[in-house]
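S.K.: Data file my_file.txt (compact mmCIF, C-alpha atoms) is appended below.
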# COMPACT_ATOMS: atom_id res chain seq x y z
CA MET A 4 121.61 126.37 -56.08
CA LYS A 5 121.43 129.57 -54.17
CA THR A 6 118.27 128.40 -52.44
CA LYS A 7 119.82 125.11 -51.39
CA TRP A 8 122.88 126.87 -49.98
CA TYR A 9 120.70 129.18 -47.96
CA TYR A 10 118.77 126.21 -46.63
CA ASN A 11 121.94 124.42 -45.53
CA VAL A 12 123.18 127.52 -43.71
CA LEU A 13 119.85 127.84 -41.96
CA VAL A 14 119.97 124.22 -40.81
CA ILE A 15 123.49 124.67 -39.42
CA ILE A 16 122.49 127.81 -37.55
CA LEU A 17 119.45 126.10 -36.07
CA PHE A 18 121.56 123.12 -34.99
CA VAL A 19 124.10 125.36 -33.27
CA MET A 20 121.31 127.24 -31.53
CA HIS A 21 119.77 123.96 -30.40
CA VAL A 22 123.08 122.74 -28.98
CA ALA A 23 123.65 126.05 -27.25
CA CYS A 24 120.19 126.01 -25.71
CA SER A 25 120.69 122.45 -24.48
CA GLU A 26 123.99 123.41 -22.83
CA ASP A 27 122.34 126.43 -21.18
CA ASP A 28 119.49 124.24 -19.92
CA LYS A 29 121.99 121.74 -18.47
CA VAL A 30 123.89 124.42 -16.56
CA THR A 31 120.65 125.73 -15.10
CA GLU A 32 119.66 122.26 -13.84
CA GLU A 33 123.04 121.73 -12.13
CA GLU A 34 122.78 125.04 -10.30
CA VAL A 35 119.46 124.21 -8.63
CA PRO A 36 120.36 123.90 -4.86
CA VAL A 37 119.64 120.64 -3.06
CA TYR A 38 119.04 121.16 0.70
CA GLU A 39 119.45 118.60 3.48
CA THR A 40 116.94 118.58 6.33
CA GLN A 41 118.70 116.12 8.62
CA ILE A 42 120.13 116.33 12.14
CA LEU A 43 123.78 115.36 11.63
CA GLY A 44 124.89 115.54 15.27
CA PHE A 45 123.32 116.09 18.70
CA ASP A 46 124.57 116.99 22.20
CA PHE A 47 123.68 119.00 25.32
CA SER A 48 125.60 122.06 26.45
CA ASP A 49 124.67 121.64 30.12
CA ALA A 50 124.75 117.87 30.69
CA GLU A 51 127.28 115.13 30.04
CA MET A 52 126.11 112.47 27.61
CA ALA A 53 126.50 108.88 28.78
CA THR A 54 126.99 107.70 25.17
CA SER A 55 126.78 109.33 21.76
CA ALA A 56 123.26 110.11 20.60
CA ILE A 57 121.64 107.62 18.20
CA ILE A 58 120.17 109.44 15.19
CA ASN A 59 117.71 107.43 13.10
CA HIS A 60 116.84 109.27 9.86
CA ASP A 61 114.35 106.61 8.79
CA ASN A 62 112.29 106.86 11.97
CA GLN A 63 113.17 110.53 12.40
CA THR A 64 114.22 110.07 16.03
CA VAL A 65 117.18 111.07 18.18
CA GLU A 66 117.92 108.95 21.26
CA ALA A 67 120.03 110.82 23.80
CA PHE A 68 121.42 109.24 26.97
CA VAL A 69 122.35 111.25 30.06
CA TYR A 70 123.62 110.09 33.41
CA GLY A 71 121.21 109.45 36.25
CA GLY A 72 120.37 112.50 38.32
CA VAL A 73 120.31 114.89 35.36
CA ASP A 74 117.20 117.08 35.33
CA ILE A 75 115.70 116.31 31.90
CA THR A 76 113.13 119.10 32.31
CA LYS A 77 115.86 121.71 31.77
CA LEU A 78 118.30 120.63 29.06
CA THR A 79 119.87 122.81 26.37
CA PRO A 80 120.28 120.98 23.03
CA VAL A 81 123.08 121.58 20.53
CA PHE A 82 122.41 120.59 16.90
CA GLU A 83 124.79 119.89 14.02
CA LEU A 84 122.98 120.74 10.75
CA SER A 85 123.67 121.11 7.05
CA PRO A 86 124.65 124.61 5.82
CA GLU A 87 121.69 127.02 5.62
CA ALA A 88 119.38 124.62 7.52
CA GLU A 89 117.66 125.87 10.68
CA VAL A 90 115.99 124.09 13.57
CA PHE A 91 112.79 125.08 15.36
CA PRO A 92 112.51 125.58 18.23
CA ALA A 93 116.05 126.85 18.16
CA GLY A 94 118.96 125.29 20.03
CA GLY A 95 120.68 127.24 22.79
CA SER A 96 117.65 127.35 25.07
CA ALA A 97 116.58 124.90 27.78
CA TYR A 98 113.60 122.64 27.11
CA ASP A 99 111.63 119.95 28.90
CA PHE A 100 112.37 116.56 27.33
CA THR A 101 109.95 114.57 29.47
CA GLY A 102 108.09 112.26 27.10
CA GLY A 103 110.20 113.44 24.13
CA LYS A 104 110.30 116.73 22.24
CA VAL A 105 109.80 117.44 18.50
CA PHE A 106 112.24 119.64 16.57
CA GLN A 107 111.81 120.68 12.90
CA VAL A 108 114.80 121.01 10.60
CA LEU A 109 113.84 123.58 7.92
CA ALA A 110 115.64 124.33 4.62
CA PRO A 111 115.48 127.65 2.67
CA ASP A 112 113.19 126.05 0.07
CA LYS A 113 110.72 125.35 2.93
CA SER A 114 111.34 121.59 2.86
CA PHE A 115 111.62 120.14 6.38
CA THR A 116 111.95 117.03 8.53
CA ASN A 117 110.54 116.59 12.04
CA TYR A 118 112.69 114.71 14.56
CA THR A 119 111.54 113.50 17.97
CA VAL A 120 114.30 113.75 20.58
CA ILE A 121 113.96 111.15 23.35
CA VAL A 122 116.13 111.53 26.46
CA THR A 123 116.87 108.51 28.66
CA ARG A 124 118.67 108.53 32.00
CA VAL A 125 121.47 105.98 32.25
CA ASN A 126 121.68 104.86 35.87
CA ASN A 127 125.10 103.25 36.01
CA SER A 128 127.09 105.26 38.54
CA ILE A 129 128.22 104.89 42.14
CA ASN A 130 127.39 108.18 43.84
CA ALA A 131 128.87 107.39 47.26
CA PHE A 132 130.92 104.53 48.66
CA LYS A 133 131.30 103.74 52.36
CA LEU A 134 132.82 101.00 54.46
CA ILE A 135 131.37 100.23 57.88
CA THR A 136 133.82 98.84 60.41
CA GLY A 137 133.35 96.84 63.59
CA GLN A 138 133.78 99.96 65.71
CA GLU A 139 130.97 100.27 68.24
CA SER A 140 130.52 104.01 67.81
CA TRP A 141 128.09 104.92 65.03
CA VAL A 142 130.22 107.86 63.88
CA LEU A 143 133.62 106.22 64.22
CA GLY A 144 132.49 103.17 62.26
CA VAL A 145 132.01 104.94 58.90
CA ARG A 146 134.84 105.22 56.36
CA GLU A 147 133.94 107.18 53.21
CA GLY A 148 135.65 106.64 49.86
CA ALA A 149 136.95 109.33 47.49
CA ILE A 150 135.77 108.65 43.91
CA LYS A 151 138.11 109.75 41.11
CA GLU A 152 137.73 109.32 37.34
CA ILE A 153 140.93 107.90 35.81
CA ALA A 154 139.65 107.26 32.26
CA GLU A 155 136.37 107.25 30.39
CA ASN A 156 133.94 105.07 32.37
CA ASN A 157 136.78 103.94 34.66
CA TYR A 158 137.02 105.13 38.25
CA GLU A 159 139.10 104.58 41.35
CA ILE A 160 137.74 104.70 44.89
CA ASN A 161 140.26 105.26 47.68
CA VAL A 162 139.23 104.52 51.26
CA THR A 163 141.37 105.10 54.33
CA ILE A 164 140.66 103.01 57.42
CA HIS A 165 142.11 103.09 60.93
CA HIS A 166 144.89 100.89 62.20
CA ASP A 167 142.43 98.93 64.35
CA ASP A 168 139.87 98.28 61.57
CA GLU A 169 139.80 94.77 60.12
CA LEU A 170 140.58 94.73 56.39
CA THR A 171 138.81 91.41 55.96
CA ASN A 172 135.70 92.33 57.94
CA LEU A 173 134.26 95.51 56.41
CA ARG A 174 130.63 96.08 55.48
CA THR A 175 130.12 97.70 52.07
CA ILE A 176 127.56 100.46 51.53
CA VAL A 177 127.05 101.76 47.98
CA GLU A 178 124.73 104.65 47.08
CA THR A 179 123.40 104.75 43.49
CA PHE A 180 120.47 106.00 41.46
CA GLU A 181 117.44 103.75 41.31
CA GLY A 182 117.87 101.15 38.58
CA THR A 183 121.65 100.85 38.82
CA VAL A 184 122.95 97.29 39.00
CA ILE A 185 126.22 96.78 40.92
CA SER A 186 128.28 93.62 40.50
CA PRO A 187 129.37 91.85 42.60
CA ASN A 188 126.64 92.48 45.13
CA PRO A 189 128.18 94.99 47.61
CA GLU A 190 126.53 93.23 50.54
CA SER A 191 128.61 90.13 49.79
CA VAL A 192 131.98 91.93 49.81
CA ASN A 193 133.80 92.17 53.15
CA ASP A 194 137.46 91.48 52.35
CA TYR A 195 139.48 94.46 51.06
CA SER A 196 142.97 93.10 51.68
CA GLU A 197 143.30 93.28 47.87
CA PRO A 198 141.68 95.83 45.50
CA VAL A 199 138.06 94.99 44.65
CA ILE A 200 136.52 95.84 41.26
CA PHE A 201 132.82 96.69 40.95
CA THR A 202 130.89 97.27 37.73
CA ALA A 203 127.85 99.52 37.48
CA THR A 204 125.34 98.93 34.68
CA ASP A 205 121.92 100.28 33.85
CA GLY A 206 118.96 97.98 34.46
CA ASN A 207 117.65 98.87 30.98
CA ASN A 208 120.61 97.03 29.40
CA ASN A 209 121.67 99.92 27.17
CA GLY A 210 125.24 98.64 27.14
CA SER A 211 126.82 101.45 29.14
CA VAL A 212 129.18 100.11 31.84
CA ARG A 213 131.28 101.87 34.47
CA THR A 214 134.10 100.19 36.34
CA TYR A 215 135.16 101.12 39.89
CA LYS A 216 138.37 99.87 41.49
CA VAL A 217 138.28 100.10 45.30
CA ILE A 218 141.63 100.48 47.05
CA VAL A 219 141.66 100.44 50.86
CA THR A 220 144.63 101.88 52.76
CA GLN A 221 145.09 101.17 56.43
CA LYS A 222 146.67 103.85 58.62
CA GLU A 223 149.55 102.69 60.78
CA LYS A 224 149.18 102.90 64.51
CA LYS A 225 150.96 105.89 65.97
CA ALA A 226 152.78 105.83 69.25
CA THR A 227 151.32 108.57 71.43
CA GLN A 228 153.91 111.21 72.25
CA TRP A 229 153.46 112.86 75.65
CA THR A 230 155.14 116.09 76.69
CA LYS A 231 155.65 117.01 80.34
CA ASP A 232 153.98 120.28 81.29
CA GLY A 233 155.17 122.42 84.19
CA GLU A 234 151.67 123.42 85.36
CA PHE A 235 151.94 121.50 88.66
CA ASP A 236 155.68 121.65 89.33
CA ASN A 237 154.97 123.07 92.78
CA GLU A 238 152.53 120.30 93.70
CA ASP A 239 154.03 117.21 95.31
CA GLY A 240 152.92 114.04 93.54
CA VAL A 241 151.01 115.74 90.69
CA GLN A 242 152.19 116.00 87.09
CA LEU A 243 150.47 117.15 83.87
CA TYR A 244 151.27 115.75 80.41
CA THR A 245 149.97 116.91 77.02
CA SER A 246 149.81 115.28 73.60
CA THR A 247 148.76 116.25 70.07
CA THR A 248 149.28 112.79 68.55
CA SER A 249 146.19 112.20 66.41
CA PHE A 250 144.64 108.75 66.43
CA ARG A 251 141.38 109.64 64.67
CA TYR A 252 140.78 110.53 61.05
CA ASN A 253 138.21 112.37 58.99
CA ALA A 254 136.11 110.43 56.51
CA ASN A 255 138.60 111.25 53.73
CA GLY A 256 141.54 109.86 55.73
CA THR A 257 143.06 113.15 56.88
CA GLU A 258 143.99 113.43 60.53
CA MET A 259 141.65 115.17 62.93
CA PRO A 260 143.15 117.92 65.10
CA PHE A 261 143.66 116.45 68.54
CA SER A 262 144.73 117.58 72.01
CA ALA A 263 144.94 115.33 75.04
CA TYR A 264 145.79 115.93 78.68
CA ALA A 265 146.86 113.37 81.24
CA VAL A 266 147.39 113.96 84.94
CA THR A 267 149.21 111.59 87.26
CA VAL A 268 148.35 111.84 90.94
CA ASP A 269 150.03 110.02 93.81
CA MET A 270 147.06 109.18 96.03
CA ASN A 271 149.43 108.44 98.90
CA LYS A 272 150.07 112.19 99.16
CA GLY A 273 146.67 112.86 100.66
CA TYR A 274 144.77 113.83 97.50
CA GLN A 275 141.10 112.92 97.06
CA PHE A 276 139.09 112.07 93.94
CA VAL A 277 135.71 113.74 94.54
CA PRO A 278 132.70 113.56 92.16
CA TYR A 279 130.73 116.78 92.15
CA TYR A 280 127.22 117.46 90.87
CA ASN A 281 124.79 120.28 91.63
CA LYS A 282 121.30 118.97 90.88
CA GLU A 283 119.87 122.46 90.99
CA LYS A 284 122.13 123.80 88.25
CA GLY A 285 122.33 120.74 86.02
CA ASN A 286 124.58 121.29 83.00
CA MET A 287 127.74 123.31 83.75
CA THR A 288 131.10 123.84 82.11
CA VAL A 289 134.24 122.70 83.93
CA THR A 290 135.03 126.29 84.94
CA GLN A 291 131.51 126.82 86.26
CA MET A 292 131.65 123.54 88.15
CA VAL A 293 135.01 124.36 89.78
CA ASP A 294 133.72 127.79 90.83
CA ASP A 295 130.52 126.23 92.16
CA TYR A 296 132.51 123.64 94.13
CA GLU A 297 134.63 126.37 95.73
CA ILE A 298 131.53 128.31 96.75
CA ALA A 299 129.89 125.21 98.22
CA ASN A 300 132.97 123.78 99.99
CA GLY A 301 135.24 126.78 100.54
CA THR A 302 138.12 125.03 98.79
CA MET A 303 139.37 125.46 95.23
CA PRO A 304 139.89 122.08 93.50
CA LEU A 305 143.37 121.48 92.16
CA ILE A 306 142.09 119.80 88.98
CA GLY A 307 138.66 119.82 87.38
CA ILE A 308 137.66 117.20 84.79
CA ASN A 309 134.49 117.18 82.70
CA SER A 310 133.20 113.63 82.68
CA GLY A 311 129.87 112.16 81.65
CA TYR A 312 126.88 113.38 79.67
CA PHE A 313 124.49 116.20 80.54
CA SER A 314 121.22 117.58 79.30
CA SER A 315 120.42 121.23 79.87
CA THR A 316 118.89 120.40 83.26
CA SER A 317 120.41 117.17 84.55
CA SER A 318 123.13 114.55 84.26
CA TYR A 319 122.75 111.53 82.01
CA SER A 320 125.64 109.72 83.70
CA LEU A 321 126.07 107.71 86.86
CA ILE A 322 127.28 109.80 89.83
CA ILE A 323 127.89 108.22 93.24
CA LYS A 324 129.30 110.09 96.22
CA ASN A 325 129.75 108.58 99.69
CA ASN A 326 127.60 105.59 98.65
CA GLU A 327 124.75 107.89 97.59
CA VAL A 328 123.55 107.71 93.98
CA LEU A 329 123.18 111.32 92.83
CA SER A 330 122.36 110.46 89.22
CA ASN A 331 121.84 107.30 87.16
CA ASN A 332 123.01 106.58 83.65
CA ILE A 333 120.43 107.15 80.96
CA ALA A 334 118.61 103.84 80.40
CA GLN A 335 117.84 104.04 76.67
CA LEU A 336 119.10 105.72 73.51
CA SER A 337 117.50 106.14 70.09
CA ARG A 338 119.77 105.39 67.13
CA ASP A 339 117.58 104.09 64.30
CA GLY A 340 115.71 102.22 67.00
CA SER A 341 115.65 102.13 70.79
CA PHE A 342 118.58 100.54 72.64
CA TYR A 343 119.18 99.70 76.30
CA VAL A 344 122.72 100.95 76.85
CA THR A 345 125.48 100.21 79.30
CA ARG A 346 127.89 103.11 79.77
CA GLY A 347 131.40 103.45 81.08
CA ALA A 348 132.09 104.63 84.62
CA PHE A 349 135.36 105.53 86.34
CA SER A 350 135.44 104.89 90.09
CA HIS A 351 137.33 103.78 93.17
CA ASP A 352 136.47 101.76 96.23
CA ALA A 353 137.09 102.60 99.90
CA ALA A 354 140.74 101.52 99.56
CA ASN A 355 141.32 103.85 96.59
CA ASN A 356 141.50 101.01 94.08
CA PHE A 357 140.48 102.64 90.79
CA SER A 358 138.70 100.88 87.93
CA ALA A 359 136.73 101.51 84.75
CA ASP A 360 133.59 99.44 84.24
CA TRP A 361 130.37 99.29 82.24
CA VAL A 362 127.32 100.06 84.35
CA TYR A 363 123.52 99.95 84.30
CA THR A 364 120.84 100.62 86.95
CA ILE A 365 118.39 97.74 86.83
CA ASP A 366 114.66 97.95 87.59
CA ASP A 367 114.95 97.59 91.37
CA GLY A 368 117.36 100.55 91.51
CA THR A 369 120.51 98.50 92.06
CA VAL A 370 123.54 99.63 90.07
CA TYR A 371 125.38 96.77 88.37
CA GLY A 372 128.84 96.76 86.84
CA TYR A 373 129.96 94.55 83.94
CA PRO A 374 133.38 93.68 82.49
CA ASN A 375 132.02 94.20 78.94
CA PRO A 376 129.23 96.38 77.51
CA SER A 377 125.91 95.16 76.17
CA PRO A 378 126.81 94.08 72.59
CA ASN A 379 124.42 96.34 70.67
CA VAL A 380 125.26 96.80 66.99
CA ASP A 381 123.80 99.56 64.82
CA GLY A 382 121.33 98.13 62.33
CA GLU A 383 120.86 94.85 64.20
CA THR A 384 118.22 93.69 66.70
CA PRO A 385 118.68 95.54 70.03
CA GLN A 386 120.01 93.52 72.95
CA PRO A 387 117.83 92.69 75.96
CA LYS A 388 117.52 95.05 78.88
CA PRO A 389 120.55 94.68 81.22
CA SER A 390 119.96 92.76 84.46
CA ALA A 391 121.82 91.01 87.22
CA SER A 392 122.73 88.22 84.77
CA PHE A 393 123.10 90.16 81.47
CA PRO A 394 125.68 91.12 80.31
CA ALA A 395 127.68 88.25 81.76
CA ASN A 396 129.62 88.40 85.03
CA GLY A 397 127.70 91.34 86.45
CA PHE A 398 128.34 92.52 90.02
CA VAL A 399 126.73 94.97 92.43
CA TYR A 400 128.52 98.27 91.89
CA ASP A 401 129.54 99.10 95.46
CA ARG A 402 131.77 102.04 94.63
CA THR A 403 131.96 105.07 96.90
Give the structure from the file, written as structure tokens.
M.R.:
Amino acid sequence: MKTKWYYNVLVIILFVMHVACSEDDKVTEEEVPVYETQILGFDFSDAEMATSAIINHDNQTVEAFVYGGVDITKLTPVFELSPEAEVFPAGGSAYDFTGGKVFQVLAPDKSFTNYTVIVTRVNNSINAFKLITGQESWVLGVREGAIKEIAENNYEINVTIHHDDELTNLRTIVETFEGTVISPNPESVNDYSEPVIFTATDGNNNGSVRTYKVIVTQKEKKATQWTKDGEFDNEDGVQLYTSTTSFRYNANGTEMPFSAYAVTVDMNKGYQFVPYYNKEKGNMTVTQMVDDYEIANGTMPLIGINSGYFSSTSSYSLIIKNNEVLSNNIAQLSRDGSFYVTRGAFSHDAANNFSADWVYTIDDGTVYGYPNPSPNVDGETPQPKPSASFPANGFVYDRT
């Protein structure tokens, strides 16, 4: 009996030991760490992402989209990883992503996963927006828009035009990165009497869309305010007026600083309007010209006005004195092509009848005047060379 009892005790002790060992083994198995070697999130610290990165754990790729114009040869990646995981090469430094770049996510147990990061430019932005008006001057005809982000992927473009620009006859110029698709076609949009909405998408159809609402504001015409100046109070029949009323605007719609001077002269008081030009000296300032006139004629002019165009050595404008042509207008100009140009001239005849006309010296040396200029338009086919019959209603310019 004693032997049997001893045997039973031994069996119980062995059973307890077995259970205890099994519990110890189970605890040990649960405490074995399991490491993740995945990229959980991806971004760049030095470039705005067009959309969230697409992480594919099956293919072990990361597709990152940046806006057009971003230099993908110098981008600094930022990784979101599991605790204790590391990435090689490390984030926080700039790398060249041309053609894709491989990064390895490494766990403490030396397990790892290689991911290929592919960066694609999304070309779906308007970089500059301009409206071209019917103004004949190349510079005055450009109205630039101010682009402002009002919400994610939503923008507003504000353009200020002059009071004499036509809201329904504006040419649209849009600057984008190559591959950007703008809808509607900017070349087909001329009427901005109501806001116009453009969409910009990438030609690769990645689904990223930007919306631009164009609002055009037309400046009201200002009445020019003239102030009488006392400069010529002692001169009979002569009066000077000044004005700072701005009628021109910068590209962003702000007013340009402006100063104007107007002189009224009663020609019945014995005054003369005399063109002056020293061929030997060519280009001179108004002060230099007045001084030169006094030296040459012994009389100081009452008023000196700078009129016309000069090079460093000669005049580019028509000058006629006592029926003698001292200088002709320049015949051609280069503005994205060569143009035959008519230019304005201010003159009077023998009876002191003043007029402003458009002029051109034709091939035989005869100066012709025209009621209207040659209708050249920037970007279009140049007009023919002016002649006795073109532009219309030409006349021999017999001014003194």
S.K.: With all atoms listed in the file as the counted atoms, please give the residues lying no more than 12 Å from A:Ile333, apart from itself and same-chain residues fewer than 3 positions off, as a ChimeraX atom specification.
M.R.: /A:311-314,317-322,330,336-337,342-347,362-365
S.K.: Using atom CA of A:Pro376 and atom CA of A:Gly144 as the two end points, give the distance in Å to one decimal.
M.R.: 17.0 Å
S.K.: Box in all listed atoms of stretch 382-389 of chain A, axis-aligned, with 8 Å more on each side; write out centre and edge lengths in Å to one decimal as lines of an AutoDock Vina configuration file.
M.R.:
center_x = 119.4
center_y = 95.4
center_z = 71.8
size_x = 19.8
size_y = 21.4
size_z = 34.9
S.K.: I want to know what sits within 10 Å of stretch 147-150 of chain A, based on all atoms listed in the file, with residues of the same chain fewer than 4 positions away left out; could you give that as a ChimeraX atom specification?
M.R.: /A:129-135,158-164,176,215-219,253-256
S.K.: Let me make sure I understand: among A:Leu78, A:Val192, A:Val293, A:Ile42, which one has the smallest atom-to-atom distance to A:Thr116 if we use all atoms listed in the file?
M.R.: A:Ile42
S.K.: For A:Phe201, which of A:Asn127, A:Val289, A:Gly182, A:Pro92 is the closest residue, counting only C-alpha atoms?
M.R.: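 Using only C-alpha atoms, the shortest distance to A:Phe201 belongs to A:Asn127.
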S.K.: Find the residues around A:Ile323 up to 12 Å (all atoms listed in the file counted), leave out those fewer than 6 positions away in its own chain, and share them as number ranges by chain.
M.R.: A: 276-280, 329-332, 348-352, 370, 400-403
S.K.: Here is a test: counting only C-alpha atoms, which residue of A:Glu155, A:Asp295, A:Asp167, A:Asp194 is nearest to A:Glu283?
M.R.: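 Selected residue with least distance to A:Glu283: A:Asp295.
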S.K.: In Å, rounded to a single decimal, give me how far atom CA of A:Glu234 is from atom CA of A:Gly301.
M.R.: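 These two atoms are separated by 22.6 Å.
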S.K.: Would you compute the distance between atom CA of A:Asn59 and atom CA of A:Phe180? Give it in Å to one decimal.
M.R.: 28.5 Å
S.K.: Can you tell me, as a PyMOL selection string, what residues are no more than 9 Å from A:Gly340 when counting all atoms listed in the file, ignoring any on the same chain fewer than 5 positions away?
M.R.: chain A and resi 381-382+384-385
S.K.: Counting all atoms listed in the file, what is within 9 Å of A:Ala97, bar same-chain residues fewer than 5 positions away, as a CSV table (one decimal) with C-alpha atoms, in the frame of the given file?
M.R.:
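Dumped to part-v3.csv:
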chain,number,residue,atom,x,y,z
A,76,THR,CA,113.1,119.1,32.3
A,77,LYS,CA,115.9,121.7,31.8
A,78,LEU,CA,118.3,120.6,29.1
A,79,THR,CA,119.9,122.8,26.4
A,80,PRO,CA,120.3,121.0,23.0
S.K.: Select, from A:Val268, A:Thr316, A:Pro189, A:Ser114, the residue with the minimum atom-to-atom distance to A:Gly285, counting all atoms listed in the file.
M.R.: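 Between A:Val268, A:Thr316, A:Pro189, A:Ser114, the residue approaching A:Gly285 most closely is A:Thr316.
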S.K.: Give as a PyMOL selection string every residue, naming chains and numbers as the document does, that has an atom within 6 Å of (126.2, 92.5, 78.8), counting only C-alpha atoms.
M.R.: chain A and resi 376-377+393-395
S.K.: Of the candidates A:Gln63, A:Ser310, A:Thr245, A:Thr119, which shows the shortest atom-to-atom distance to A:Phe100, using only C-alpha atoms?
M.R.: A:Thr119
S.K.: From the list A:Phe250, A:Asn355, A:Phe47, A:Thr214, which residue is nearest A:Asp269 when using all atoms listed in the file?
M.R.: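 With all atoms listed in the file as the atom set, the closest residue is A:Asn355.
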